[in-house]
file model_16.csv (CSV, N, CA and C atoms)
chain,number,residue,atom,x,y,z
M,1458,MET,N,6.0,-6.5,-8.5
M,1458,MET,CA,5.1,-5.6,-7.8
M,1458,MET,C,5.8,-4.3,-7.6
M,1459,GLU,N,5.1,-3.2,-7.6
M,1459,GLU,CA,5.6,-1.9,-7.4
M,1459,GLU,C,4.9,-1.2,-6.2
M,1460,ASP,N,5.7,-0.5,-5.4
M,1460,ASP,CA,5.1,0.2,-4.3
M,1460,ASP,C,4.5,1.5,-4.7
M,1461,LYS,N,3.4,1.9,-4.2
M,1461,LYS,CA,2.7,3.1,-4.5
M,1461,LYS,C,2.6,3.9,-3.2
M,1462,LEU,N,3.0,5.2,-3.2
M,1462,LEU,CA,3.0,6.1,-2.1
M,1462,LEU,C,1.6,6.7,-2.1
M,1463,VAL,N,0.8,6.5,-1.0
M,1463,VAL,CA,-0.6,6.9,-1.0
M,1463,VAL,C,-0.8,7.9,0.2
M,1464,GLU,N,-1.4,9.1,-0.1
M,1464,GLU,CA,-1.7,10.0,1.0
M,1464,GLU,C,-2.9,9.5,1.8
M,1465,ILE,N,-2.7,9.4,3.1
M,1465,ILE,CA,-3.7,8.8,3.9
M,1465,ILE,C,-4.5,9.8,4.7
M,1466,GLY,N,-3.8,10.8,5.3
M,1466,GLY,CA,-4.4,11.8,6.2
M,1466,GLY,C,-3.5,12.8,6.7
M,1467,ASN,N,-3.9,13.5,7.7
M,1467,ASN,CA,-3.1,14.6,8.3
M,1467,ASN,C,-2.5,14.1,9.7
M,1468,ALA,N,-1.2,14.3,9.9
M,1468,ALA,CA,-0.6,13.9,11.1
M,1468,ALA,C,-1.2,14.6,12.3
M,1469,SER,N,-1.6,15.8,12.1
M,1469,SER,CA,-2.2,16.6,13.3
M,1469,SER,C,-3.5,16.1,13.7
M,1470,ASP,N,-4.2,15.2,12.9
M,1470,ASP,CA,-5.4,14.6,13.3
M,1470,ASP,C,-5.3,13.3,14.2
M,1471,ILE,N,-4.0,12.9,14.4
M,1471,ILE,CA,-3.7,11.7,15.2
M,1471,ILE,C,-2.8,12.1,16.4
M,1472,PRO,N,-3.4,12.4,17.5
M,1472,PRO,CA,-2.5,12.8,18.7
M,1472,PRO,C,-1.7,11.6,19.1
M,1473,SER,N,-0.6,12.0,19.8
M,1473,SER,CA,0.3,11.0,20.3
M,1473,SER,C,-0.4,10.0,21.2
M,1474,GLY,N,-0.2,8.7,21.1
M,1474,GLY,CA,-0.8,7.7,21.9
M,1474,GLY,C,-2.2,7.2,21.3
M,1475,THR,N,-2.5,7.7,20.1
M,1475,THR,CA,-3.8,7.3,19.5
M,1475,THR,C,-3.6,6.6,18.2
M,1476,THR,N,-4.7,6.0,17.7
M,1476,THR,CA,-4.7,5.3,16.4
M,1476,THR,C,-6.0,5.8,15.7
M,1477,ARG,N,-5.8,5.9,14.3
M,1477,ARG,CA,-7.0,6.2,13.5
M,1477,ARG,C,-7.0,5.2,12.3
M,1478,ILE,N,-8.2,4.9,11.9
M,1478,ILE,CA,-8.4,3.9,10.8
M,1478,ILE,C,-8.6,4.6,9.5
M,1479,PHE,N,-7.9,4.2,8.5
M,1479,PHE,CA,-8.1,4.8,7.1
M,1479,PHE,C,-8.3,3.6,6.1
M,1480,GLU,N,-9.1,3.9,5.1
M,1480,GLU,CA,-9.3,2.9,4.1
M,1480,GLU,C,-8.7,3.3,2.8
M,1481,TYR,N,-8.0,2.4,2.1
M,1481,TYR,CA,-7.5,2.7,0.8
M,1481,TYR,C,-7.9,1.5,-0.1
M,1482,GLU,N,-8.7,1.7,-1.1
M,1482,GLU,CA,-9.2,0.7,-1.9
M,1482,GLU,C,-9.8,-0.4,-1.0
M,1483,ASP,N,-9.2,-1.6,-1.1
M,1483,ASP,CA,-9.8,-2.7,-0.2
M,1483,ASP,C,-8.9,-3.0,1.0
M,1484,ILE,N,-8.1,-2.0,1.4
M,1484,ILE,CA,-7.2,-2.2,2.5
M,1484,ILE,C,-7.6,-1.3,3.7
M,1485,SER,N,-7.8,-1.9,4.9
M,1485,SER,CA,-8.0,-1.1,6.0
M,1485,SER,C,-6.7,-1.0,6.8
M,1486,ILE,N,-6.3,0.3,7.1
M,1486,ILE,CA,-5.0,0.6,7.7
M,1486,ILE,C,-5.2,1.3,9.0
M,1487,ALA,N,-4.5,0.9,10.0
M,1487,ALA,CA,-4.5,1.6,11.3
M,1487,ALA,C,-3.2,2.4,11.4
M,1488,ILE,N,-3.3,3.8,11.5
M,1488,ILE,CA,-2.1,4.6,11.7
M,1488,ILE,C,-2.0,4.9,13.2
M,1489,CYS,N,-0.8,4.6,13.7
M,1489,CYS,CA,-0.6,4.7,15.1
M,1489,CYS,C,0.5,5.8,15.4
M,1490,ASN,N,0.2,6.7,16.3
M,1490,ASN,CA,1.1,7.7,16.7
M,1490,ASN,C,1.8,7.3,18.0
M,1491,VAL,N,3.1,6.9,17.9
M,1491,VAL,CA,3.8,6.5,19.1
M,1491,VAL,C,4.8,7.6,19.4
M,1492,SER,N,4.5,8.5,20.3
M,1492,SER,CA,5.4,9.6,20.7
M,1492,SER,C,5.8,10.4,19.5
M,1493,GLY,N,4.9,10.7,18.6
M,1493,GLY,CA,5.3,11.6,17.5
M,1493,GLY,C,5.8,10.8,16.3
M,1494,ASN,N,6.0,9.5,16.4
M,1494,ASN,CA,6.4,8.7,15.3
M,1494,ASN,C,5.2,7.9,14.8
M,1495,PHE,N,5.0,7.9,13.5
M,1495,PHE,CA,3.8,7.3,12.9
M,1495,PHE,C,4.1,5.9,12.3
M,1496,TYR,N,3.3,5.0,12.6
M,1496,TYR,CA,3.4,3.6,12.1
M,1496,TYR,C,2.1,3.2,11.5
M,1497,ALA,N,2.1,2.4,10.4
M,1497,ALA,CA,0.9,1.9,9.7
M,1497,ALA,C,0.9,0.4,9.8
M,1498,VAL,N,-0.2,-0.2,10.2
M,1498,VAL,CA,-0.4,-1.7,10.3
M,1498,VAL,C,-1.7,-2.0,9.7
M,1499,GLU,N,-1.8,-3.2,9.2
M,1499,GLU,CA,-3.1,-3.7,8.7
M,1499,GLU,C,-4.1,-3.7,9.9
M,1500,ASN,N,-5.3,-3.3,9.6
M,1500,ASN,CA,-6.3,-3.2,10.7
M,1500,ASN,C,-7.1,-4.5,10.9
M,1501,VAL,N,-6.3,-5.6,11.0
M,1501,VAL,CA,-6.9,-6.9,11.2
M,1501,VAL,C,-6.0,-7.8,12.1
M,1502,CYS,N,-6.6,-8.2,13.2
M,1502,CYS,CA,-5.9,-9.1,14.1
M,1502,CYS,C,-5.7,-10.5,13.5
M,1503,SER,N,-4.6,-11.1,13.7
M,1503,SER,CA,-4.3,-12.4,13.1
M,1503,SER,C,-5.1,-13.5,13.9
M,1504,HIS,N,-5.6,-13.2,15.1
M,1504,HIS,CA,-6.3,-14.2,15.9
M,1504,HIS,C,-7.7,-14.4,15.4
M,1505,ASP,N,-8.5,-13.4,15.2
M,1505,ASP,CA,-9.9,-13.6,14.7
M,1505,ASP,C,-10.4,-12.4,13.8
M,1506,ASP,N,-9.5,-11.8,13.2
M,1506,ASP,CA,-9.8,-10.7,12.2
M,1506,ASP,C,-10.4,-9.5,12.9
M,1507,GLY,N,-10.2,-9.3,14.2
M,1507,GLY,CA,-10.7,-8.1,14.9
M,1507,GLY,C,-10.1,-6.8,14.4
M,1508,PRO,N,-10.8,-5.7,14.6
M,1508,PRO,CA,-10.4,-4.4,14.1
M,1508,PRO,C,-9.3,-3.8,15.0
M,1509,LEU,N,-8.1,-4.0,14.8
M,1509,LEU,CA,-7.0,-3.5,15.7
M,1509,LEU,C,-7.1,-2.0,15.9
M,1510,GLY,N,-7.5,-1.2,14.9
M,1510,GLY,CA,-7.5,0.2,15.1
M,1510,GLY,C,-8.5,0.7,16.1
M,1511,GLU,N,-9.4,-0.2,16.5
M,1511,GLU,CA,-10.4,0.1,17.6
M,1511,GLU,C,-9.9,-0.2,19.0
M,1512,GLY,N,-8.7,-0.8,19.0
M,1512,GLY,CA,-8.1,-1.2,20.3
M,1512,GLY,C,-7.2,-0.1,20.9
M,1513,ARG,N,-6.6,-0.4,22.0
M,1513,ARG,CA,-5.8,0.6,22.7
M,1513,ARG,C,-4.3,0.5,22.2
M,1514,LEU,N,-3.7,1.7,22.1
M,1514,LEU,CA,-2.3,1.8,21.8
M,1514,LEU,C,-1.6,1.9,23.2
M,1515,ILE,N,-0.7,0.9,23.5
M,1515,ILE,CA,0.0,0.9,24.8
M,1515,ILE,C,1.4,0.9,24.4
M,1516,GLY,N,2.0,2.1,24.6
M,1516,GLY,CA,3.4,2.3,24.1
M,1516,GLY,C,3.4,2.0,22.6
M,1517,LYS,N,4.3,1.1,22.2
M,1517,LYS,CA,4.4,0.8,20.8
M,1517,LYS,C,3.6,-0.5,20.4
M,1518,ASN,N,2.7,-1.0,21.4
M,1518,ASN,CA,1.9,-2.1,21.1
M,1518,ASN,C,0.4,-1.7,20.9
M,1519,ILE,N,-0.2,-2.4,20.0
M,1519,ILE,CA,-1.6,-2.2,19.8
M,1519,ILE,C,-2.3,-3.4,20.2
M,1520,GLU,N,-3.4,-3.2,21.0
M,1520,GLU,CA,-4.2,-4.3,21.6
M,1520,GLU,C,-5.5,-4.5,20.9
M,1521,CYS,N,-5.8,-5.7,20.5
M,1521,CYS,CA,-7.0,-6.1,19.8
M,1521,CYS,C,-8.1,-5.9,20.8
M,1522,PRO,N,-9.2,-5.2,20.5
M,1522,PRO,CA,-10.3,-5.0,21.5
M,1522,PRO,C,-11.1,-6.3,21.7
M,1523,ARG,N,-11.0,-7.3,20.9
M,1523,ARG,CA,-11.8,-8.5,21.1
M,1523,ARG,C,-11.2,-9.5,22.2
M,1524,HIS,N,-10.0,-9.9,22.1
M,1524,HIS,CA,-9.4,-10.9,23.0
M,1524,HIS,C,-8.1,-10.5,23.6
M,1525,GLY,N,-7.6,-9.2,23.4
M,1525,GLY,CA,-6.4,-8.7,24.0
M,1525,GLY,C,-5.1,-9.1,23.4
M,1526,ALA,N,-5.1,-9.7,22.2
M,1526,ALA,CA,-3.9,-10.0,21.5
M,1526,ALA,C,-3.2,-8.6,21.3
M,1527,GLN,N,-1.8,-8.6,21.3
M,1527,GLN,CA,-1.1,-7.4,21.1
M,1527,GLN,C,0.0,-7.6,20.1
M,1528,PHE,N,0.3,-6.5,19.4
M,1528,PHE,CA,1.3,-6.5,18.3
M,1528,PHE,C,2.2,-5.3,18.4
M,1529,ASP,N,3.4,-5.4,18.1
M,1529,ASP,CA,4.4,-4.3,18.1
M,1529,ASP,C,4.1,-3.6,16.8
M,1530,VAL,N,3.7,-2.3,16.8
M,1530,VAL,CA,3.3,-1.6,15.6
M,1530,VAL,C,4.6,-1.2,14.7
M,1531,THR,N,5.8,-1.3,15.3
M,1531,THR,CA,7.0,-1.0,14.6
M,1531,THR,C,7.4,-2.2,13.7
M,1532,THR,N,7.0,-3.4,14.1
M,1532,THR,CA,7.5,-4.6,13.4
M,1532,THR,C,6.4,-5.5,12.9
M,1533,GLY,N,5.2,-5.4,13.6
M,1533,GLY,CA,4.1,-6.3,13.3
M,1533,GLY,C,4.1,-7.6,14.1
M,1534,GLU,N,5.2,-7.8,14.9
M,1534,GLU,CA,5.4,-9.0,15.6
M,1534,GLU,C,4.4,-9.1,16.8
M,1535,ILE,N,4.0,-10.3,17.1
M,1535,ILE,CA,3.1,-10.6,18.3
M,1535,ILE,C,3.9,-10.3,19.6
M,1536,THR,N,3.2,-9.6,20.5
M,1536,THR,CA,3.7,-9.3,21.8
M,1536,THR,C,2.9,-10.0,22.9
M,1537,ARG,N,1.7,-10.4,22.5
M,1537,ARG,CA,0.8,-11.1,23.5
M,1537,ARG,C,-0.2,-12.0,22.7
M,1538,MET,N,-0.4,-13.2,23.2
M,1538,MET,CA,-1.3,-14.1,22.6
M,1538,MET,C,-2.7,-13.6,22.9
M,1539,PRO,N,-3.8,-14.1,22.3
M,1539,PRO,CA,-3.9,-15.3,21.5
M,1539,PRO,C,-3.6,-15.2,20.0
M,1540,ALA,N,-3.0,-14.1,19.6
M,1540,ALA,CA,-2.6,-14.0,18.2
M,1540,ALA,C,-1.7,-15.1,17.8
M,1541,TYR,N,-1.7,-15.5,16.6
M,1541,TYR,CA,-0.9,-16.7,16.1
M,1541,TYR,C,0.0,-16.3,15.0
M,1542,GLY,N,0.0,-15.1,14.5
M,1542,GLY,CA,0.9,-14.7,13.4
M,1542,GLY,C,1.0,-13.2,13.4
M,1543,PRO,N,2.1,-12.7,12.9
M,1543,PRO,CA,2.4,-11.3,12.8
M,1543,PRO,C,1.4,-10.6,11.9
M,1544,ILE,N,1.3,-9.3,12.0
M,1544,ILE,CA,0.4,-8.5,11.1
M,1544,ILE,C,1.3,-7.7,10.2
M,1545,GLN,N,0.7,-7.3,9.1
M,1545,GLN,CA,1.5,-6.6,8.0
M,1545,GLN,C,1.7,-5.1,8.5
M,1546,THR,N,2.9,-4.6,8.2
M,1546,THR,CA,3.2,-3.2,8.5
M,1546,THR,C,3.4,-2.6,7.1
M,1547,PHE,N,3.3,-1.3,7.1
M,1547,PHE,CA,3.5,-0.5,5.9
M,1547,PHE,C,4.5,0.6,6.2
M,1548,PRO,N,5.5,0.9,5.3
M,1548,PRO,CA,6.3,2.1,5.5
M,1548,PRO,C,5.5,3.4,5.5
M,1549,VAL,N,5.9,4.3,6.4
M,1549,VAL,CA,5.2,5.6,6.5
M,1549,VAL,C,6.2,6.7,6.3
M,1550,ARG,N,5.7,7.8,5.7
M,1550,ARG,CA,6.4,9.0,5.5
M,1550,ARG,C,5.5,10.2,5.9
M,1551,VAL,N,6.0,11.2,6.6
M,1551,VAL,CA,5.3,12.3,6.9
M,1551,VAL,C,6.0,13.5,6.3
M,1552,LYS,N,5.2,14.3,5.6
M,1552,LYS,CA,5.8,15.5,4.9
M,1552,LYS,C,4.7,16.6,4.9
M,1553,ASN,N,5.0,17.8,5.4
M,1553,ASN,CA,4.1,18.9,5.5
M,1553,ASN,C,2.8,18.5,6.1
M,1554,ASN,N,2.8,17.8,7.2
M,1554,ASN,CA,1.7,17.4,8.0
M,1554,ASN,C,0.9,16.3,7.3
M,1555,LYS,N,1.2,15.8,6.2
M,1555,LYS,CA,0.5,14.7,5.5
M,1555,LYS,C,1.2,13.4,5.7
M,1556,ILE,N,0.4,12.4,6.0
M,1556,ILE,CA,0.9,11.0,6.2
M,1556,ILE,C,0.7,10.3,4.9
M,1557,TYR,N,1.8,9.7,4.4
M,1557,TYR,CA,1.9,8.8,3.2
M,1557,TYR,C,2.3,7.4,3.6
M,1558,VAL,N,1.6,6.4,3.0
M,1558,VAL,CA,1.9,5.0,3.3
M,1558,VAL,C,2.3,4.4,2.0
M,1559,GLU,N,3.3,3.5,2.0
M,1559,GLU,CA,3.7,2.7,0.9
M,1559,GLU,C,2.9,1.5,0.8
M,1560,ILE,N,2.2,1.3,-0.3
M,1560,ILE,CA,1.3,0.1,-0.5
M,1560,ILE,C,1.8,-0.7,-1.7
M,1561,ASP,N,1.9,-2.0,-1.6
M,1561,ASP,CA,2.2,-2.8,-2.7
M,1561,ASP,C,1.1,-2.8,-3.7
M,1562,GLU,N,1.4,-2.6,-5.0
M,1562,GLU,CA,0.4,-2.6,-6.0
M,1562,GLU,C,0.5,-3.9,-6.8
call {"tool": "encode", "arguments": {"input": "model_16.csv", "output": "structure tokens"}}
result
Amino acid sequence: MEDKLVEIGNASDIPSGTTRIFEYEDISIAICNVSGNFYAVENVCSHDDGPLGEGRLIGKNIECPRHGAQFDVTTGEITRMPAYGPIQTFPVRVKNNKIYVEIDE
């Protein structure tokens, strides 16, 4: 498999402490701005497939709006149950205000 660098959106559209959802082909990605650093995670909670990007960003943790499971957006690891598995993360690059995400092809 080869990684593809995909332009997702503008960094200036995602203020610090917020998350925005973007779609690329059949992948839903939540871009999180943690104090000016951008992280990309799959937009699906491992507990019940809830839309993580609709939840709160609490520091570097994103909280699922359905049952409160939390994940570290820097690693994808679970930080609060009822999640039962980590979520996928994607490498992010920001250049000239554009956000790029590396996606496995």
call {"tool": "residues_around", "arguments": {"input": "model_16.csv", "residues": "Ile1465 in chain M", "least_positions_apart": "3", "cutoff": "7 Å", "atoms": "only C-alpha atoms", "output": "NGL selection string"}}
result
:M and (1479 or 1556-1558)
call {"tool": "select_by_dssp", "arguments": {"input": "model_16.csv", "residues": "chain M", "states": "helix (DSSP H, G or I)", "output": "list in words"}}
result
Ala1468, Ser1469, Asp1470, Leu1509, Gly1510 and Glu1511 of chain M
call {"tool": "closest_residue", "arguments": {"input": "model_16.csv", "among": "M:Ile1486, M:Leu1514, M:Val1491, M:Ala1497", "to": "Gly1533 in chain M", "atoms": "only C-alpha atoms"}}
result
M:Ala1497
call {"tool": "atom_distance", "arguments": {"input": "model_16.csv", "atom1": "CA of Thr1532 in chain M", "atom2": "CA of Lys1461 in chain M"}}
result
20.1 Å
call {"tool": "atom_distance", "arguments": {"input": "model_16.csv", "atom1": "atom C of Glu1562 in chain M", "atom2": "CA of Val1498 in chain M"}}
result
17.3 Å
call {"tool": "closest_residue", "arguments": {"input": "model_16.csv", "among": "M:Asp1561, M:Ile1488, M:Gln1545, M:Thr1476", "to": "Ile1515 in chain M", "atoms": "only C-alpha atoms"}}
result
M:Thr1476
call {"tool": "residues_around", "arguments": {"input": "model_16.csv", "residues": "Lys1555 in chain M", "least_positions_apart": "3", "cutoff": "6 Å", "atoms": "only C-alpha atoms", "output": "PyMOL selection string"}}
result
chain M and resi 1466-1468+1551-1552
call {"tool": "select_by_dssp", "arguments": {"input": "model_16.csv", "residues": "chain M", "states": "strand (DSSP E)", "output": "PyMOL selection string"}}
result
chain M and resi 1460-1467+1476-1481+1484-1491+1494-1499+1514-1515+1518-1520+1527-1529+1535-1537+1546-1547+1549-1552+1555-1561
call {"tool": "closest_residue", "arguments": {"input": "model_16.csv", "among": "M:Ile1478, M:Ile1560, M:Cys1502, M:Cys1489", "to": "Tyr1541 in chain M", "atoms": "all atoms listed in the file"}}
result
M:Cys1502
call {"tool": "atom_distance", "arguments": {"input": "model_16.csv", "atom1": "atom C of Ile1484 in chain M", "atom2": "atom C of Glu1499 in chain M"}}
result
7.5 Å
call {"tool": "residues_around", "arguments": {"input": "model_16.csv", "residues": "Arg1523 in chain M", "least_positions_apart": "5", "cutoff": "9 Å", "atoms": "only C-alpha atoms", "output": "list in words"}}
result
Asp1505, Gly1507, Pro1508, Leu1509 and Gly1512 of chain M
call {"tool": "closest_residue", "arguments": {"input": "model_16.csv", "among": "M:Leu1462, M:Cys1521, M:Val1501, M:Gly1516", "to": "Gly1474 in chain M", "atoms": "only N, CA and C atoms"}}
result
M:Gly1516
call {"tool": "closest_residue", "arguments": {"input": "model_16.csv", "among": "M:Arg1550, M:Glu1464, M:Glu1511, M:Phe1495", "to": "Thr1531 in chain M", "atoms": "only N, CA and C atoms"}}
result
M:Phe1495
call {"tool": "residues_around", "arguments": {"input": "model_16.csv", "residues": "Arg1537 in chain M", "least_positions_apart": "3", "cutoff": "12 Å", "atoms": "only C-alpha atoms", "output": "JSON, numbers by chain"}}
result
{"M": [1502, 1503, 1504, 1518, 1519, 1520, 1521, 1524, 1525, 1526, 1527, 1528, 1529, 1533, 1534, 1540, 1541, 1542, 1543]}
call {"tool": "closest_residue", "arguments": {"input": "model_16.csv", "among": "M:Asn1553, M:Ser1492, M:Ser1485, M:Asn1500", "to": "Lys1517 in chain M", "atoms": "only C-alpha atoms"}}
result
M:Ser1492
